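For reference, the structure discussed in these notes is given below.
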Amino acid sequence: MRKLRIIGPGRAGRSFSVALKRAGWWVAEPLRRADALQDAAADVDLLLIAVPDAAIESVAAQVEPRDTCAIAHVSGSLGLGVLGAHSRRAAIHPLASLPNPELGAERLCAGTWFAVSGDAIAAEVVSDLGGRCVEVADEHRAEYHAAACIASNHLVALLGQVERVAARAGVPLSVYLDLVRETVDNVEQLGPAVALTGPVARGDTATVERHLAAIDPSERNAYRAMAEAAGRLVAVA
């Protein structure tokens, strides 16, 4: 039975704890950053650091390296260098939202994609969780994570704009959500360039200008930026 200890009992740390316990791992009591961390890697196969990015390097530096234990972080944007002198280093970042331990654990076990690098135990963790791996080298971690933020955080911000603009027409956000889901399905099946529809795809600049004239001035810069991004897709279609 594989053994795990986690530093950082926040949402990510507790989600991994619950998920890997369900997957048959033995999970030690979590440690906090303020605890004595020198022996954190003792008697376990994996030490998982689930603290804010800015604290990972200092936390890893406090832990005495042991060849019997791999040390990993769950950051999306950082590489292995922040784990310092440890000989067995890994990164395990789930492409999933982990709002609380129970829901987070469910998502970690739902065939989620994980960006991994380093020690082979990272792929073992993903396999035990029933997930899928994509290898991301250190020099591309920031680009990978930027794409993840665009896919999730920026999408939420975009739907916030949908809600505001639609509200001026007396239409609730819920009316548009099936369209959002259908669009994501189209992108999955066809790719972004072929899935694009609407006035930019048709070259209908008059409709674009009508939209810009109608919406609140505070919304126009975001609309223009996304219309320009849609135009880039038209150019490669």
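Residues in the structure tokens are named by chain (A, B, ... in the order shown) and by number from 1 within that chain; ligands are numbered from 1 in the order shown.
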Spatial neighbours of Glu29 (chain A), max dist 9 Å, only C-alpha atoms, sep filter under 2 positions, as a PyMOL selection string
chain A and resi 5-6+27+31
Quick one: residues within 8 Å of region 134-149 of chain A, only C-alpha atoms, excluding same-chain residues fewer than 4 positions away - as a ChimeraX atom specification?
/A:76-80,95,113-117,153-154
Could you find all residues in region 5-231 of chain A that DSSP calls alpha helix (DSSP H) from the backbone, and write them as a PyMOL selection string?
chain A and resi 11-22+53-62+101-108+121-128+141-149+155-168+174-190+192-195+199-202+205-214+217-231
Can you spit out the residues from that selection as a JSON list (two decimals), in the first residue's frame, using C-alpha atoms?
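Wrote again_22.json, looks like this:
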[["chain", "number", "residue", "atom", "x", "y", "z"],
["A", 11, "ARG", "CA", -9.07, 22.64, -0.44],
["A", 12, "ALA", "CA", -6.54, 21.04, -2.81],
["A", 13, "GLY", "CA", -4.69, 19.14, -0.10],
["A", 14, "ARG", "CA", -7.83, 17.73, 1.49],
["A", 15, "SER", "CA", -9.29, 16.85, -1.93],
["A", 16, "PHE", "CA", -6.19, 14.79, -2.75],
["A", 17, "SER", "CA", -6.27, 13.26, 0.73],
["A", 18, "VAL", "CA", -9.86, 12.06, 0.38],
["A", 19, "ALA", "CA", -9.41, 10.90, -3.22],
["A", 20, "LEU", "CA", -6.23, 8.90, -2.64],
["A", 21, "LYS", "CA", -7.61, 7.37, 0.55],
["A", 22, "ARG", "CA", -10.56, 6.12, -1.51],
["A", 53, "ASP", "CA", 2.71, 28.84, -5.05],
["A", 54, "ALA", "CA", 4.74, 31.51, -3.28],
["A", 55, "ALA", "CA", 5.32, 29.19, -0.29],
["A", 56, "ILE", "CA", 6.28, 25.97, -2.11],
["A", 57, "GLU", "CA", 10.02, 26.65, -2.32],
["A", 58, "SER", "CA", 10.41, 27.57, 1.36],
["A", 59, "VAL", "CA", 8.30, 24.59, 2.47],
["A", 60, "ALA", "CA", 10.31, 22.14, 0.35],
["A", 61, "ALA", "CA", 13.57, 23.57, 1.69],
["A", 62, "GLN", "CA", 12.56, 22.71, 5.26],
["A", 101, "PRO", "CA", -12.80, 18.17, -0.17],
["A", 102, "GLU", "CA", -15.81, 16.02, -1.06],
["A", 103, "LEU", "CA", -16.60, 17.58, -4.42],
["A", 104, "GLY", "CA", -12.89, 17.99, -5.12],
["A", 105, "ALA", "CA", -12.26, 14.29, -4.45],
["A", 106, "GLU", "CA", -15.12, 13.34, -6.78],
["A", 107, "ARG", "CA", -13.63, 15.44, -9.55],
["A", 108, "LEU", "CA", -10.13, 14.07, -9.01],
["A", 121, "ILE", "CA", 5.07, 8.31, -8.97],
["A", 122, "ALA", "CA", 3.15, 11.26, -10.47],
["A", 123, "ALA", "CA", 1.78, 9.05, -13.24],
["A", 124, "GLU", "CA", 1.05, 6.36, -10.63],
["A", 125, "VAL", "CA", -1.07, 8.80, -8.63],
["A", 126, "VAL", "CA", -3.05, 9.73, -11.73],
["A", 127, "SER", "CA", -3.51, 6.09, -12.68],
["A", 128, "ASP", "CA", -4.78, 5.19, -9.19],
["A", 141, "ARG", "CA", 4.34, 25.21, -17.28],
["A", 142, "ALA", "CA", 3.39, 28.91, -17.28],
["A", 143, "GLU", "CA", 1.94, 28.65, -20.80],
["A", 144, "TYR", "CA", 0.04, 25.50, -19.87],
["A", 145, "HIS", "CA", -1.39, 27.16, -16.77],
["A", 146, "ALA", "CA", -2.28, 30.34, -18.66],
["A", 147, "ALA", "CA", -4.33, 28.19, -21.03],
["A", 148, "ALA", "CA", -6.04, 26.57, -18.04],
["A", 149, "CYS", "CA", -6.96, 29.98, -16.63],
["A", 155, "LEU", "CA", -14.80, 31.64, -19.46],
["A", 156, "VAL", "CA", -16.50, 32.51, -16.17],
["A", 157, "ALA", "CA", -15.66, 36.18, -16.72],
["A", 158, "LEU", "CA", -17.06, 35.96, -20.27],
["A", 159, "LEU", "CA", -20.30, 34.45, -18.98],
["A", 160, "GLY", "CA", -20.44, 37.28, -16.48],
["A", 161, "GLN", "CA", -20.47, 39.63, -19.46],
["A", 162, "VAL", "CA", -23.22, 37.54, -21.08],
["A", 163, "GLU", "CA", -25.27, 37.95, -17.91],
["A", 164, "ARG", "CA", -24.80, 41.73, -17.82],
["A", 165, "VAL", "CA", -25.49, 42.35, -21.50],
["A", 166, "ALA", "CA", -28.49, 40.01, -21.58],
["A", 167, "ALA", "CA", -29.96, 41.62, -18.46],
["A", 168, "ARG", "CA", -30.32, 44.90, -20.37],
["A", 174, "SER", "CA", -29.92, 30.60, -17.89],
["A", 175, "VAL", "CA", -31.38, 31.04, -21.39],
["A", 176, "TYR", "CA", -27.85, 30.99, -22.86],
["A", 177, "LEU", "CA", -26.34, 28.07, -20.97],
["A", 178, "ASP", "CA", -27.54, 25.34, -23.34],
["A", 179, "LEU", "CA", -25.91, 27.31, -26.15],
["A", 180, "VAL", "CA", -22.67, 27.38, -24.16],
["A", 181, "ARG", "CA", -22.76, 23.61, -23.66],
["A", 182, "GLU", "CA", -23.53, 22.98, -27.34],
["A", 183, "THR", "CA", -20.65, 25.25, -28.33],
["A", 184, "VAL", "CA", -18.20, 23.37, -26.11],
["A", 185, "ASP", "CA", -19.41, 20.10, -27.64],
["A", 186, "ASN", "CA", -18.87, 21.54, -31.13],
["A", 187, "VAL", "CA", -15.33, 22.59, -30.23],
["A", 188, "GLU", "CA", -14.60, 19.10, -28.92],
["A", 189, "GLN", "CA", -15.94, 17.45, -32.08],
["A", 190, "LEU", "CA", -14.77, 19.92, -34.74],
["A", 192, "PRO", "CA", -12.30, 25.86, -32.57],
["A", 193, "ALA", "CA", -11.90, 27.15, -36.12],
["A", 194, "VAL", "CA", -14.63, 24.96, -37.65],
["A", 195, "ALA", "CA", -16.93, 25.37, -34.63],
["A", 199, "PRO", "CA", -21.22, 37.45, -37.53],
["A", 200, "VAL", "CA", -17.41, 37.38, -37.46],
["A", 201, "ALA", "CA", -17.35, 33.94, -39.08],
["A", 202, "ARG", "CA", -19.69, 35.28, -41.79],
["A", 205, "THR", "CA", -19.18, 43.61, -39.87],
["A", 206, "ALA", "CA", -22.48, 45.52, -39.89],
["A", 207, "THR", "CA", -23.90, 43.24, -37.18],
["A", 208, "VAL", "CA", -20.73, 43.58, -35.12],
["A", 209, "GLU", "CA", -21.04, 47.35, -35.27],
["A", 210, "ARG", "CA", -24.74, 47.12, -34.33],
["A", 211, "HIS", "CA", -23.79, 45.08, -31.27],
["A", 212, "LEU", "CA", -21.15, 47.59, -30.24],
["A", 213, "ALA", "CA", -23.60, 50.48, -30.58],
["A", 214, "ALA", "CA", -26.21, 48.67, -28.48],
["A", 217, "PRO", "CA", -19.76, 51.33, -23.33],
["A", 218, "SER", "CA", -18.09, 49.49, -20.42],
["A", 219, "GLU", "CA", -18.61, 46.20, -22.29],
["A", 220, "ARG", "CA", -17.23, 47.29, -25.66],
["A", 221, "ASN", "CA", -13.52, 46.65, -25.13],
["A", 222, "ALA", "CA", -14.12, 43.04, -24.11],
["A", 223, "TYR", "CA", -16.48, 42.51, -27.06],
["A", 224, "ARG", "CA", -13.94, 43.98, -29.50],
["A", 225, "ALA", "CA", -11.16, 41.82, -28.05],
["A", 226, "MET", "CA", -13.18, 38.63, -28.45],
["A", 227, "ALA", "CA", -14.32, 39.62, -31.96],
["A", 228, "GLU", "CA", -10.65, 40.09, -32.86],
["A", 229, "ALA", "CA", -9.85, 36.66, -31.39],
["A", 230, "ALA", "CA", -12.69, 35.16, -33.42],
["A", 231, "GLY", "CA", -11.22, 36.81, -36.50]]
Please extract the residues of region 54-203 of chain A with a backbone DSSP assignment of strand (DSSP E) and present them as a PyMOL selection string.
chain A and resi 70-73+89-94+113-118+132-135
Do you have the CA of Ala23 (chain A)-CA of Asp35 (chain A) distance handy?
27.0 Å
